[in-house]
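See below for data_4.cif, which holds mmCIF, C-alpha atoms.
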```cif
data_entry
loop_
_atom_site.label_atom_id
_atom_site.label_comp_id
_atom_site.auth_asym_id
_atom_site.auth_seq_id
_atom_site.Cartn_x
_atom_site.Cartn_y
_atom_site.Cartn_z
CA MET A 1 34.25 78.90 58.21
CA GLN A 2 35.23 75.35 57.29
CA GLU A 3 34.13 74.07 60.66
CA LYS A 4 30.78 75.75 60.23
CA ASN A 5 30.24 74.07 56.89
CA GLN A 6 31.05 70.66 58.37
CA GLU A 7 28.50 71.17 61.14
CA THR A 8 25.90 72.17 58.55
CA ASP A 9 26.55 68.96 56.47
CA LYS A 10 26.27 66.81 59.55
CA ALA A 11 22.97 68.40 60.48
CA ILE A 12 21.61 67.73 56.98
CA GLU A 13 22.65 64.03 57.14
CA GLU A 14 20.91 63.60 60.51
CA LYS A 15 17.80 65.21 59.12
CA ASN A 16 17.83 62.87 56.09
CA GLU A 17 18.18 59.83 58.28
CA ASP A 18 15.21 60.94 60.33
CA SER A 19 13.19 61.51 57.13
CA PHE A 20 13.66 57.86 55.87
CA GLU A 21 13.29 56.19 59.23
CA PHE A 22 9.78 54.96 58.28
CA VAL A 23 11.00 52.80 55.33
CA LYS A 24 13.42 50.68 57.34
CA GLU A 25 12.19 47.09 57.91
CA LYS A 26 13.53 44.16 59.79
CA ILE A 27 13.20 40.89 57.77
CA LYS A 28 12.36 37.91 59.96
CA GLU A 29 12.74 34.26 58.88
CA ARG A 30 9.49 32.33 58.42
CA PRO A 31 9.05 29.65 61.06
CA ILE A 32 9.61 26.03 59.82
CA ASN A 33 6.41 23.98 59.35
CA LYS A 34 7.60 20.51 60.35
CA ARG A 35 4.43 18.71 59.27
CA LYS A 36 4.55 20.26 55.82
CA LEU A 37 8.26 19.48 55.49
CA LEU A 38 7.67 15.86 56.51
CA ARG A 39 4.81 15.52 54.00
CA ARG A 40 6.94 16.89 51.18
CA THR A 41 9.80 14.56 52.10
CA ILE A 42 7.49 11.53 52.05
CA ILE A 43 5.98 12.55 48.71
CA THR A 44 9.46 13.01 47.24
CA ALA A 45 10.57 9.58 48.49
CA VAL A 46 7.43 7.86 47.17
CA MET A 47 7.80 9.53 43.78
CA ALA A 48 11.45 8.45 43.66
CA LEU A 49 10.44 4.88 44.53
CA VAL A 50 7.71 4.82 41.89
CA PHE A 51 10.08 6.23 39.30
CA GLY A 52 12.68 3.60 40.20
CA LEU A 53 10.14 0.78 39.94
CA ILE A 54 8.93 2.02 36.56
CA ALA A 55 12.54 2.31 35.37
CA CYS A 56 13.34 -1.25 36.55
CA ILE A 57 10.21 -2.74 34.95
CA THR A 58 10.89 -0.90 31.71
CA PHE A 59 14.50 -2.06 31.71
CA PHE A 60 13.65 -5.72 32.33
CA ALA A 61 10.86 -5.60 29.74
CA LEU A 62 12.94 -3.97 27.03
CA GLU A 63 16.33 -5.53 27.81
CA PRO A 64 15.61 -8.87 26.06
CA ILE A 65 14.15 -7.06 23.05
CA ILE A 66 17.09 -4.70 22.78
CA SER A 67 19.57 -7.54 23.37
CA ASN A 68 17.92 -9.68 20.70
CA TRP A 69 17.94 -6.72 18.35
CA LEU A 70 21.59 -5.90 18.96
CA TYR A 71 22.75 -9.49 19.48
CA PRO A 72 20.18 -11.82 17.86
CA GLU A 73 20.16 -15.30 19.45
CA LYS A 74 20.92 -18.19 17.17
CA GLU A 75 17.88 -20.30 16.30
CA PRO A 76 18.18 -24.01 17.07
CA GLU A 77 18.54 -26.27 14.07
CA ILE A 78 15.64 -28.54 13.18
CA VAL A 79 16.33 -32.14 14.20
CA THR A 80 15.48 -34.69 11.51
CA PHE A 81 16.12 -38.38 11.03
CA PRO A 82 16.11 -40.05 7.61
CA GLU A 83 12.92 -41.95 6.89
CA GLU A 84 13.11 -45.71 6.53
CA GLN A 85 11.37 -47.75 3.92
CA GLU A 86 8.90 -50.08 5.54
CA GLU A 87 9.79 -53.68 4.93
CA THR A 88 7.08 -55.58 3.09
CA MET A 89 5.90 -58.71 4.82
CA PRO A 90 5.50 -61.79 2.60
CA GLY A 91 1.76 -61.89 3.23
CA ASP A 92 1.34 -58.17 2.56
CA MET A 93 2.28 -58.27 -1.12
CA ALA A 94 -1.03 -57.37 -2.75
CA GLN A 95 0.26 -57.40 -6.31
CA THR A 96 3.48 -56.97 -8.20
CA ASP A 97 4.16 -54.89 -11.29
CA HIS A 98 3.56 -57.74 -13.69
CA ASP A 99 0.05 -58.24 -12.23
CA LEU A 100 -1.05 -54.74 -13.26
CA PRO A 101 -3.12 -54.29 -16.44
CA GLY A 102 -0.99 -53.50 -19.50
CA ALA A 103 2.26 -54.54 -17.83
CA GLU A 104 5.00 -56.17 -19.86
CA PRO A 105 5.06 -59.96 -19.70
CA ASP A 106 7.65 -61.55 -17.48
CA ILE A 107 11.03 -62.10 -19.07
CA GLU A 108 12.75 -65.31 -18.23
CA PRO A 109 15.83 -64.55 -16.14
CA THR A 110 19.21 -65.70 -17.31
CA PRO A 111 20.08 -68.89 -15.48
CA VAL A 112 22.85 -68.51 -12.93
CA PRO A 113 25.22 -71.44 -12.50
CA PRO A 114 25.15 -72.93 -9.02
CA GLN A 115 27.77 -71.68 -6.63
CA LYS A 116 30.05 -74.05 -4.83
CA VAL A 117 29.46 -73.77 -1.10
CA THR A 118 31.74 -75.26 1.52
CA VAL A 119 29.99 -76.28 4.73
CA TYR A 120 32.05 -76.56 7.88
CA GLU A 121 30.68 -79.21 10.15
CA ARG A 122 32.73 -78.14 13.10
CA VAL A 123 34.77 -75.09 14.03
CA GLU A 124 37.34 -75.34 16.77
CA MET A 125 37.70 -72.18 18.87
CA THR A 126 40.49 -71.68 21.33
CA ALA A 127 40.49 -69.51 24.43
CA GLN A 128 42.33 -66.86 22.42
CA ASP A 129 39.50 -66.87 19.86
CA TYR A 130 36.92 -66.31 22.57
CA SER A 131 39.07 -63.60 24.09
CA LYS A 132 39.37 -61.83 20.75
CA LEU A 133 35.63 -62.17 20.12
CA TYR A 134 34.66 -60.63 23.45
CA SER A 135 37.34 -57.97 23.11
CA GLU A 136 35.75 -56.83 19.86
CA LEU A 137 32.30 -56.80 21.49
CA ALA A 138 33.72 -54.78 24.39
CA ALA A 139 35.22 -52.29 21.92
CA ILE A 140 31.81 -51.78 20.29
CA ALA A 141 30.22 -51.23 23.70
CA ALA A 142 33.00 -48.82 24.72
CA GLY A 143 32.46 -46.77 21.57
CA MET A 144 28.79 -46.49 22.43
CA GLN A 145 29.53 -45.23 25.95
CA GLU A 146 30.49 -41.82 24.52
CA SER A 147 26.86 -41.38 23.45
CA MET A 148 25.50 -42.49 26.83
CA VAL A 149 25.02 -40.24 29.87
CA THR A 150 23.90 -40.70 33.46
CA VAL A 151 20.70 -38.81 34.25
CA SER A 152 20.33 -37.90 37.93
CA GLY A 153 17.23 -36.49 39.54
CA VAL A 154 18.26 -34.48 42.62
CA THR A 155 16.13 -33.20 45.51
CA ALA A 156 17.45 -31.53 48.66
CA ASP A 157 15.96 -32.89 51.90
CA THR A 158 16.63 -32.91 55.65
CA ASP A 159 17.10 -35.86 57.97
CA TRP A 160 16.03 -36.39 61.60
CA PHE A 161 18.92 -34.24 62.78
CA ASP A 162 17.91 -31.35 60.48
CA GLU A 163 20.96 -31.91 58.28
CA VAL A 164 20.60 -31.32 54.55
CA TYR A 165 21.27 -34.21 52.19
CA GLU A 166 20.56 -34.94 48.52
CA ASN A 167 18.09 -37.57 47.41
CA LYS A 168 19.08 -38.96 44.00
CA ALA A 169 17.68 -41.32 41.37
CA GLN A 170 19.82 -42.35 38.42
CA SER A 171 19.10 -43.76 34.99
CA SER A 172 20.79 -43.85 31.59
CA GLY A 173 20.17 -41.38 28.78
CA LEU A 174 21.09 -41.30 25.10
CA ILE A 175 22.58 -38.32 23.25
CA ILE A 176 20.50 -38.10 20.08
CA ALA A 177 21.24 -34.70 18.51
CA ASP A 178 23.08 -31.38 18.63
CA ASN A 179 20.88 -28.52 17.40
CA GLY A 180 23.63 -25.92 17.57
CA ILE A 181 22.46 -24.52 20.92
CA ASP A 182 21.67 -27.55 23.06
CA LEU A 183 22.81 -31.12 23.33
CA LEU A 184 19.61 -33.19 23.26
CA ILE A 185 19.28 -36.30 25.41
CA LEU A 186 16.58 -38.98 25.29
CA ALA A 187 15.64 -40.21 28.77
CA THR A 188 12.84 -41.82 30.78
CA GLU A 189 10.72 -39.08 32.34
CA GLY A 190 9.40 -41.27 35.15
CA LYS A 191 12.90 -41.50 36.63
CA ILE A 192 13.19 -37.72 37.10
CA ARG A 193 9.59 -36.47 37.27
CA ASP A 194 9.42 -35.75 41.02
CA TYR A 195 12.88 -34.23 41.43
CA GLU A 196 13.79 -30.55 41.71
CA GLN A 197 16.89 -30.62 39.53
CA VAL A 198 18.19 -32.80 36.70
CA MET A 199 21.94 -33.29 36.35
CA ILE A 200 23.72 -34.98 33.44
CA THR A 201 27.03 -36.80 33.90
CA PHE A 202 28.91 -37.31 30.64
CA HIS A 203 31.34 -40.09 29.76
CA ASP A 204 34.36 -37.93 30.65
CA GLY A 205 32.95 -37.15 34.12
CA THR A 206 31.66 -33.65 33.28
CA VAL A 207 28.46 -32.74 35.15
CA ALA A 208 25.97 -30.19 33.79
CA GLU A 209 22.40 -29.18 34.55
CA ALA A 210 19.65 -30.09 32.10
CA VAL A 211 16.11 -28.87 31.47
CA GLU A 212 13.22 -30.87 30.05
CA LYS A 213 12.10 -29.70 26.61
CA GLN A 214 9.21 -32.01 25.85
CA ALA A 215 7.79 -35.34 27.01
CA ASP A 216 5.66 -38.01 25.37
CA PRO A 217 2.91 -39.13 27.77
CA SER A 218 2.30 -42.32 25.83
CA THR A 219 5.78 -43.86 25.93
CA GLY A 220 7.06 -41.99 29.01
CA LEU A 221 10.14 -40.76 27.12
CA CYS A 222 11.34 -37.16 27.20
CA ILE A 223 14.00 -34.91 25.70
CA LEU A 224 16.44 -33.15 28.02
CA ALA A 225 18.58 -30.23 26.87
CA VAL A 226 22.04 -29.26 28.07
CA ARG A 227 23.40 -25.90 26.90
CA LEU A 228 26.49 -26.30 24.74
CA SER A 229 27.83 -23.12 26.33
CA ASP A 230 27.89 -24.95 29.69
CA LEU A 231 30.26 -27.59 28.33
CA THR A 232 33.97 -27.44 27.59
CA ALA A 233 35.26 -27.94 24.06
CA GLU A 234 36.66 -31.33 25.10
CA THR A 235 33.29 -32.53 26.39
CA ARG A 236 31.46 -31.25 23.31
CA SER A 237 33.84 -33.11 21.02
CA SER A 238 33.61 -36.39 22.96
CA ALA A 239 29.84 -36.33 23.55
CA THR A 240 28.79 -37.58 20.13
CA PRO A 241 25.13 -38.19 19.17
CA ALA A 242 24.28 -41.86 18.70
CA VAL A 243 23.60 -43.39 15.29
CA LEU A 244 20.01 -44.62 15.10
CA GLY A 245 19.71 -47.87 13.20
CA SER A 246 16.62 -49.84 12.19
CA SER A 247 14.29 -52.22 14.01
CA ASN A 248 12.14 -52.71 10.93
CA SER A 249 14.13 -55.53 9.34
CA MET A 250 12.76 -59.04 9.68
CA THR A 251 16.36 -60.28 9.61
CA LEU A 252 16.84 -58.75 13.08
CA LEU A 253 15.50 -61.92 14.69
CA GLY A 254 18.29 -64.08 16.09
CA THR A 255 21.00 -61.44 15.61
CA PRO A 256 23.42 -60.52 18.42
CA VAL A 257 22.90 -57.28 20.32
CA ILE A 258 24.59 -55.43 23.17
CA ALA A 259 22.66 -53.81 26.03
CA VAL A 260 24.40 -50.57 27.05
CA GLY A 261 23.51 -48.10 29.79
CA SER A 262 21.98 -49.64 32.91
CA PRO A 263 20.76 -53.12 31.90
CA THR A 264 21.71 -54.53 35.29
CA GLY A 265 20.47 -51.49 37.20
CA SER A 266 23.98 -50.03 37.54
CA THR A 267 25.04 -47.19 35.24
CA GLY A 268 27.78 -48.12 32.80
CA SER A 269 26.93 -51.83 32.77
CA VAL A 270 27.03 -53.96 29.61
CA CYS A 271 25.31 -57.24 28.64
CA TYR A 272 25.51 -59.42 25.53
CA GLY A 273 22.72 -61.46 23.96
CA MET A 274 20.50 -61.79 20.92
CA ILE A 275 17.05 -60.80 19.69
CA THR A 276 14.61 -63.59 20.52
CA SER A 277 11.43 -61.93 19.21
CA ASN A 278 10.47 -58.87 17.15
CA SER A 279 6.94 -59.70 16.05
CA SER A 280 5.04 -58.32 19.06
CA TYR A 281 3.70 -54.76 19.29
CA VAL A 282 2.88 -52.45 22.18
CA ASN A 283 -0.54 -50.98 21.48
CA LEU A 284 -0.62 -47.38 22.72
CA VAL A 285 -2.79 -44.36 21.92
CA ASP A 286 -2.65 -43.60 18.17
CA ALA A 287 0.48 -45.72 17.73
CA ASN A 288 1.82 -49.25 17.78
CA TYR A 289 5.46 -49.80 18.73
CA ARG A 290 7.47 -52.90 17.92
CA LEU A 291 8.65 -54.78 21.01
CA LEU A 292 12.07 -56.41 20.85
CA THR A 293 12.80 -59.17 23.39
CA THR A 294 16.21 -60.64 24.16
CA ASP A 295 17.71 -63.53 26.10
CA ILE A 296 19.55 -61.05 28.37
CA TYR A 297 18.78 -61.31 32.08
CA GLY A 298 18.87 -57.90 33.70
CA ASN A 299 17.15 -55.58 36.14
CA ALA A 300 13.37 -55.06 36.03
CA GLY A 301 13.94 -51.28 36.07
CA ALA A 302 16.71 -51.34 33.47
CA THR A 303 17.33 -48.31 31.23
CA GLY A 304 19.60 -47.80 28.25
CA VAL A 305 19.67 -49.01 24.66
CA LEU A 306 20.17 -52.09 22.51
CA ILE A 307 22.80 -51.74 19.79
CA ASN A 308 23.78 -54.02 16.93
CA LEU A 309 27.33 -55.03 16.09
CA SER A 310 27.69 -51.95 13.90
CA GLY A 311 27.19 -49.74 16.99
CA GLN A 312 23.75 -48.54 15.84
CA VAL A 313 20.83 -48.17 18.23
CA VAL A 314 18.02 -50.63 17.41
CA GLY A 315 15.87 -50.18 20.53
CA ILE A 316 15.29 -48.21 23.73
CA ILE A 317 15.23 -50.51 26.77
CA ASP A 318 11.83 -50.64 28.47
CA ASN A 319 10.82 -53.63 30.61
CA THR A 320 7.40 -52.33 31.61
CA TYR A 321 5.69 -54.40 28.92
CA ASN A 322 7.23 -57.73 29.95
CA ALA A 323 5.07 -60.66 30.99
CA SER A 324 4.69 -61.18 34.73
CA ASP A 325 6.97 -64.24 34.65
CA MET A 326 9.66 -62.44 32.60
CA LYS A 327 10.13 -59.19 34.52
CA ASN A 328 13.92 -59.35 34.37
CA GLN A 329 14.09 -60.05 30.65
CA ILE A 330 15.67 -57.15 28.78
CA SER A 331 13.17 -55.83 26.23
CA ALA A 332 13.17 -52.69 24.11
CA ILE A 333 10.90 -50.51 21.98
CA GLY A 334 12.03 -50.59 18.34
CA ILE A 335 13.87 -47.45 17.29
CA THR A 336 12.22 -47.29 13.87
CA GLU A 337 8.79 -46.71 15.39
CA LEU A 338 10.21 -44.16 17.85
CA LYS A 339 12.14 -41.96 15.40
CA GLN A 340 9.20 -39.77 14.46
CA MET A 341 8.27 -39.25 18.10
CA ILE A 342 11.88 -38.42 19.04
CA GLU A 343 12.08 -35.95 16.16
CA ALA A 344 8.87 -34.20 17.28
CA LEU A 345 10.01 -34.00 20.91
CA SER A 346 13.40 -32.60 19.87
CA ASN A 347 11.70 -29.82 17.90
CA GLU A 348 9.18 -29.18 20.73
CA LYS A 349 6.24 -30.10 18.53
CA VAL A 350 3.05 -30.89 20.45
CA ARG A 351 1.59 -34.15 19.27
CA ALA A 352 -2.03 -34.16 18.03
CA SER A 353 -4.25 -37.07 18.98
CA ILE A 354 -7.44 -38.73 17.79
CA GLY A 355 -7.46 -41.11 20.77
CA ILE A 356 -7.82 -44.62 19.34
CA HIS A 357 -6.24 -48.04 19.80
CA GLY A 358 -6.12 -49.90 16.50
CA VAL A 359 -4.71 -52.81 14.57
CA ASP A 360 -3.50 -52.99 10.97
CA VAL A 361 -5.70 -54.53 8.32
CA THR A 362 -2.92 -55.83 6.10
CA ALA A 363 -3.23 -56.74 2.44
CA ALA A 364 -3.38 -60.42 3.40
CA LEU A 365 -6.16 -59.85 5.94
CA SER A 366 -8.01 -57.58 3.55
CA GLU A 367 -8.01 -60.28 0.89
CA SER A 368 -8.87 -63.22 3.14
CA LEU A 369 -11.55 -61.48 5.27
CA GLN A 370 -12.91 -59.17 2.57
CA MET A 371 -12.14 -56.07 4.63
CA PRO A 372 -10.92 -52.65 3.45
CA ARG A 373 -7.23 -51.94 3.96
CA GLY A 374 -6.58 -49.54 6.84
CA VAL A 375 -6.65 -49.36 10.65
CA CYS A 376 -9.40 -51.23 12.47
CA VAL A 377 -10.48 -49.37 15.62
CA GLN A 378 -10.35 -51.72 18.62
CA SER A 379 -11.12 -49.14 21.31
CA PHE A 380 -10.78 -45.45 22.09
CA GLU A 381 -9.95 -43.26 25.06
CA MET A 382 -12.85 -41.84 27.07
CA GLY A 383 -13.55 -38.26 26.04
CA SER A 384 -11.22 -38.54 23.06
CA PRO A 385 -11.92 -36.81 19.71
CA ALA A 386 -12.73 -40.22 18.19
CA MET A 387 -15.42 -40.83 20.81
CA ILE A 388 -16.86 -37.31 20.55
CA CYS A 389 -17.21 -37.41 16.76
CA GLY A 390 -18.91 -40.83 16.78
CA ILE A 391 -16.20 -43.22 15.59
CA GLN A 392 -17.14 -46.75 16.63
CA GLY A 393 -15.31 -49.96 17.37
CA ASN A 394 -14.55 -52.05 14.24
CA ASP A 395 -14.66 -48.95 12.03
CA ILE A 396 -11.74 -49.03 9.59
CA ILE A 397 -9.92 -45.71 9.19
CA THR A 398 -8.63 -45.35 5.63
CA GLY A 399 -7.64 -41.69 5.54
CA ILE A 400 -6.90 -38.55 7.59
CA GLY A 401 -7.15 -35.35 5.60
CA VAL A 402 -5.30 -35.96 2.33
CA ASN A 403 -3.24 -38.79 3.85
CA VAL A 404 -4.03 -42.40 2.94
CA VAL A 405 -3.98 -44.67 6.00
CA ASN A 406 -3.05 -48.32 5.43
CA SER A 407 -1.47 -48.98 8.82
CA MET A 408 -1.01 -47.57 12.31
CA SER A 409 2.34 -46.15 11.24
CA ASP A 410 0.52 -44.21 8.47
CA LEU A 411 -2.01 -42.93 11.01
CA THR A 412 0.72 -41.83 13.44
CA ARG A 413 2.67 -40.14 10.65
CA ALA A 414 -0.45 -38.30 9.50
CA LEU A 415 -1.27 -37.00 12.99
CA TYR A 416 2.21 -35.47 13.31
CA GLN A 417 1.29 -33.14 10.42
CA TYR A 418 -1.46 -31.48 12.47
CA THR A 419 -1.69 -29.53 15.71
CA PRO A 420 -4.12 -29.89 18.63
CA GLY A 421 -7.33 -27.95 18.04
CA GLU A 422 -7.18 -28.40 14.28
CA VAL A 423 -10.23 -29.91 12.53
CA VAL A 424 -9.54 -32.69 10.02
CA THR A 425 -11.67 -34.99 7.91
CA VAL A 426 -11.35 -38.68 8.83
CA THR A 427 -12.40 -41.16 6.15
CA LEU A 428 -13.54 -44.53 7.41
CA GLN A 429 -15.33 -47.69 6.34
CA ARG A 430 -18.23 -48.90 8.49
CA LYS A 431 -19.86 -52.27 8.02
CA ALA A 432 -23.59 -52.10 7.35
CA GLN A 433 -25.26 -55.47 6.87
CA ASP A 434 -22.91 -57.35 4.50
CA GLU A 435 -20.92 -54.48 3.03
CA TYR A 436 -18.66 -51.62 4.08
CA ARG A 437 -19.79 -48.09 3.41
CA THR A 438 -17.59 -45.02 3.17
CA MET A 439 -18.12 -42.29 5.76
CA GLU A 440 -16.43 -38.97 6.49
CA VAL A 441 -16.43 -37.37 9.93
CA GLU A 442 -15.04 -34.04 11.07
CA VAL A 443 -12.71 -34.46 14.04
CA MET A 444 -11.19 -31.75 16.23
CA LEU A 445 -7.83 -33.15 17.29
CA SER A 446 -6.70 -32.84 20.89
CA GLU A 447 -3.33 -32.87 22.62
CA LEU A 448 -2.00 -36.30 23.50
CA LYS A 449 -2.22 -36.79 27.25
#
```
Rewrite the structure from the file as C-alpha cells, please.
Amino acid sequence: MQEKNQETDKAIEEKNEDSFEFVKEKIKERPINKRKLLRRTIITAVMALVFGLIACITFFALEPIISNWLYPEKEPEIVTFPEEQEETMPGDMAQTDHDLPGAEPDIEPTPVPPQKVTVYERVEMTAQDYSKLYSELAAIAAGMQESMVTVSGVTADTDWFDEVYENKAQSSGLIIADNGIDLLILATEGKIRDYEQVMITFHDGTVAEAVEKQADPSTGLCILAVRLSDLTAETRSSATPAVLGSSNSMTLLGTPVIAVGSPTGSTGSVCYGMITSNSSYVNLVDANYRLLTTDIYGNAGATGVLINLSGQVVGIIDNTYNASDMKNQISAIGITELKQMIEALSNEKVRASIGIHGVDVTAALSESLQMPRGVCVQSFEMGSPAMICGIQGNDIITGIGVNVVNSMSDLTRALYQYTPGEVVTVTLQRKAQDEYRTMEVEVMLSELK
C-alpha cells in the first residue's frame, strides 16, 4: 500500500512538471555594443576633464579672495618725506612785514658789543692730522655704505659653443624707505631696462631679487622693491634707509662732499671733493631740478650719491647733463627737488603732466621787467595738454586749480595733486599790446611720458 502511494505521488509530480514546462525561459546575456561603450567612456572622460578644469579655475579665482579674507595682507605704509622751506634769494624779497600797510614801525635793535675774533694766519698740520682727517671722512663714507646697494641687471645668453652664461650690468642704488612690506631702493632705470632679472646685493653680501614699482620717464630714476620676507633679520637690521638732506641751501656752495656708490665706475668706490656750483638747473618737462657740480673727477657713467659731512644725501649722481668738455666731472641732481618725485614713485602714484618747459619769474624779475609773478612758458611738448588747450610761449602760468603758482616748484607740486585724465583750470597771464591780461583755460592732464 505504501509503495502504491509513493508511485502515485511521483506520477503527480511528473504531471505537474509537464504542465509548467511552457513558462520556463532561458535568460541570455545581451551582446556588448563596443561602439556605444567607447562613446560613453569618452563622454565620461570629457565630462571629468571639464569638471576638473572648472574646479581648478574656480579654485585659483577664489583662492586669493578667500586667503585675503582669512589672512588679510598688510597694506604698505605711505612713504613721506618732510617738506623743506624754500630758501629766499636776496633778490626775491618782495617786501618785509614792516613794508605792509598798518604794520608797526621798526624798533631799533639793542646794540650788541663787538665780539673779539682771533684770526689764525697759518695752521700747521702734521701727517697725523691729515691721517685723522681722512679717517673721519672714511668713517662717514663707511656709515653710508649700509644704505647703498649694488643693482645688477641679469640676462641669460648663449655663446658660440651653445653654453649658457649671464650678461650683467651693475650700478649703485640707494635704500630710501621701508614701507613695512618692501625695502624700497632708488636706482637708475636705464642701467637695468633691457635685462630679464634685477638682483640686489646688500652691504653684508646678501643677494635678493627685486621688482620695479614705478619709474619717472623725465629723470630716468625708478623705485625697486625687495620683499622684507626674502631677507634675514640681520640684513633687515643692517640695511638702513638713507637720511635725505637738503640741496636748497645757498651755503652749500664750497662745502665738502663725499661721492659714494660708483663714482669711479666701480661699485663701492669713494671720492672726496666739494660743491663748485649749485646755481644751474636742469630744465625738464613740468619741473626744474637743481644741478650740483663738484671738483671730483670720476667716470662718465658714474652712479651713486653725494653726501655731506653729516652723512645726509644732498644729491643723486647723474653726469648726463655735463658739458661736452666736462664729461668726467661728478655732478648730481639736488635731493630737495627730487624728494616729491621719489615720494610719488614709492607710493606708485602716476604723475600728471601739462607738458611745458618753463622758467621762474621771480619777485626781482617781476619788479624790474613789469611781469606777473609765476612760470613763464618757454616751450611745450608736441601733443601735450598745454599745446592742445592753446597755451602759448611767453604765457605766464600763475595758478593751477586752487594752487597759486609762483615758481616751477609750485607748478610741480600742484601737478602731483592730480591724476592723468583729470580736467583742471589753469590761470595764466598773456601779454596783449602793453599789458598782461588774465585768462583761464581748461586742461585735461595726461600721464608724464
Query raised in the report: Of the residues A:Ser269, A:Met341, A:Ser368, A:Gly245, which is the one nearest to Val314 in chain A, using only C-alpha atoms?
Result: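 Of all the options, A:Gly245 lies closest to Val314 in chain A.
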Query raised in the report: Which residues match the PyMOL selection byres ((chain A and resi 148) around 12) in the file above, as an MDAnalysis selection string?
Result: chainID A and resid 141:147 149:151 171:176 184:187 200:205 238:243 259:262 267:270 303:307 313
Report task. Give the answer as one residue: which of A:Ala225, A:Ala55, A:Ala386, A:Ile258 has the shortest atom-to-atom distance to Asn347 in chain A, using only C-alpha atoms? Result ->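 Answer, going by the shortest atom-to-atom distance: A:Ala225.
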Requested in this report: Go through A:Thr219, A:Ser324, A:Gln429, A:Ser353 one by one, measure the shortest atom-to-atom distance of each to Leu411 in chain A using all atoms listed in the file, and give the residue with the smallest value.
Outcome: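 Going through A:Thr219, A:Ser324, A:Gln429, A:Ser353 one by one, the smallest distance to Leu411 in chain A is for A:Ser353.
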Query raised in the report: Which neighbours of Ser152 in chain A fall inside 7 Å, counting only C-alpha atoms, when residues of the same chain fewer than 3 positions from it are skipped, and could you give them as a list in words?
Result: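 In the requested format, the answer is Lys168, Ala169, Gln170, Ser171, Val198, Met199 and Ile200 of chain A.
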Report task. Could you check how far CA of Ala352 in chain A sits from CA of Leu428 in chain A, in Å to one decimal? Result ->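 CA of Ala352 in chain A sits 18.8 Å away from CA of Leu428 in chain A.
The space between CA of Asp230 in chain A and CA of Asp178 in chain A spans 13.7 Å.
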Query - Selection under test: the PyMOL selection byres ((chain A and resi 408) around 9); residues as a VMD selection string - result: chain A and resid 286 to 288 358 to 360 374 to 375 405 to 407 409 to 413
Those same residues - C-alpha atoms - I'd like them written as a PDB file, in the coordinates of the input.
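Just written: selection_1.pdb:
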```
ATOM      1  CA  ASP A 286      -2.650 -43.600  18.170  1.00  0.00           C
ATOM      2  CA  ALA A 287       0.480 -45.720  17.730  1.00  0.00           C
ATOM      3  CA  ASN A 288       1.820 -49.250  17.780  1.00  0.00           C
ATOM      4  CA  GLY A 358      -6.120 -49.900  16.500  1.00  0.00           C
ATOM      5  CA  VAL A 359      -4.710 -52.810  14.570  1.00  0.00           C
ATOM      6  CA  ASP A 360      -3.500 -52.990  10.970  1.00  0.00           C
ATOM      7  CA  GLY A 374      -6.580 -49.540   6.840  1.00  0.00           C
ATOM      8  CA  VAL A 375      -6.650 -49.360  10.650  1.00  0.00           C
ATOM      9  CA  VAL A 405      -3.980 -44.670   6.000  1.00  0.00           C
ATOM     10  CA  ASN A 406      -3.050 -48.320   5.430  1.00  0.00           C
ATOM     11  CA  SER A 407      -1.470 -48.980   8.820  1.00  0.00           C
ATOM     12  CA  SER A 409       2.340 -46.150  11.240  1.00  0.00           C
ATOM     13  CA  ASP A 410       0.520 -44.210   8.470  1.00  0.00           C
ATOM     14  CA  LEU A 411      -2.010 -42.930  11.010  1.00  0.00           C
ATOM     15  CA  THR A 412       0.720 -41.830  13.440  1.00  0.00           C
ATOM     16  CA  ARG A 413       2.670 -40.140  10.650  1.00  0.00           C
TER      17      ARG A 413
END
```
Query raised in the report: Could you name the residues that touch Glu337 in chain A at 12 Å or less, counting all atoms listed in the file, but leaving out those on the same chain fewer than 3 positions away, as an NGL selection string?
Result: :A and (81 or 83-86 or 219 or 244-249 or 281-284 or 287-292 or 314-316 or 332-334 or 340-343 or 408-410 or 412-413)
Query raised in the report: Between A:Thr362, A:Thr155, A:Gln370, A:Thr276, which one has atoms that come closest to Thr294 in chain A, using all atoms listed in the file?
Result: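 The answer is A:Thr276, which sits nearest to Thr294 in chain A.
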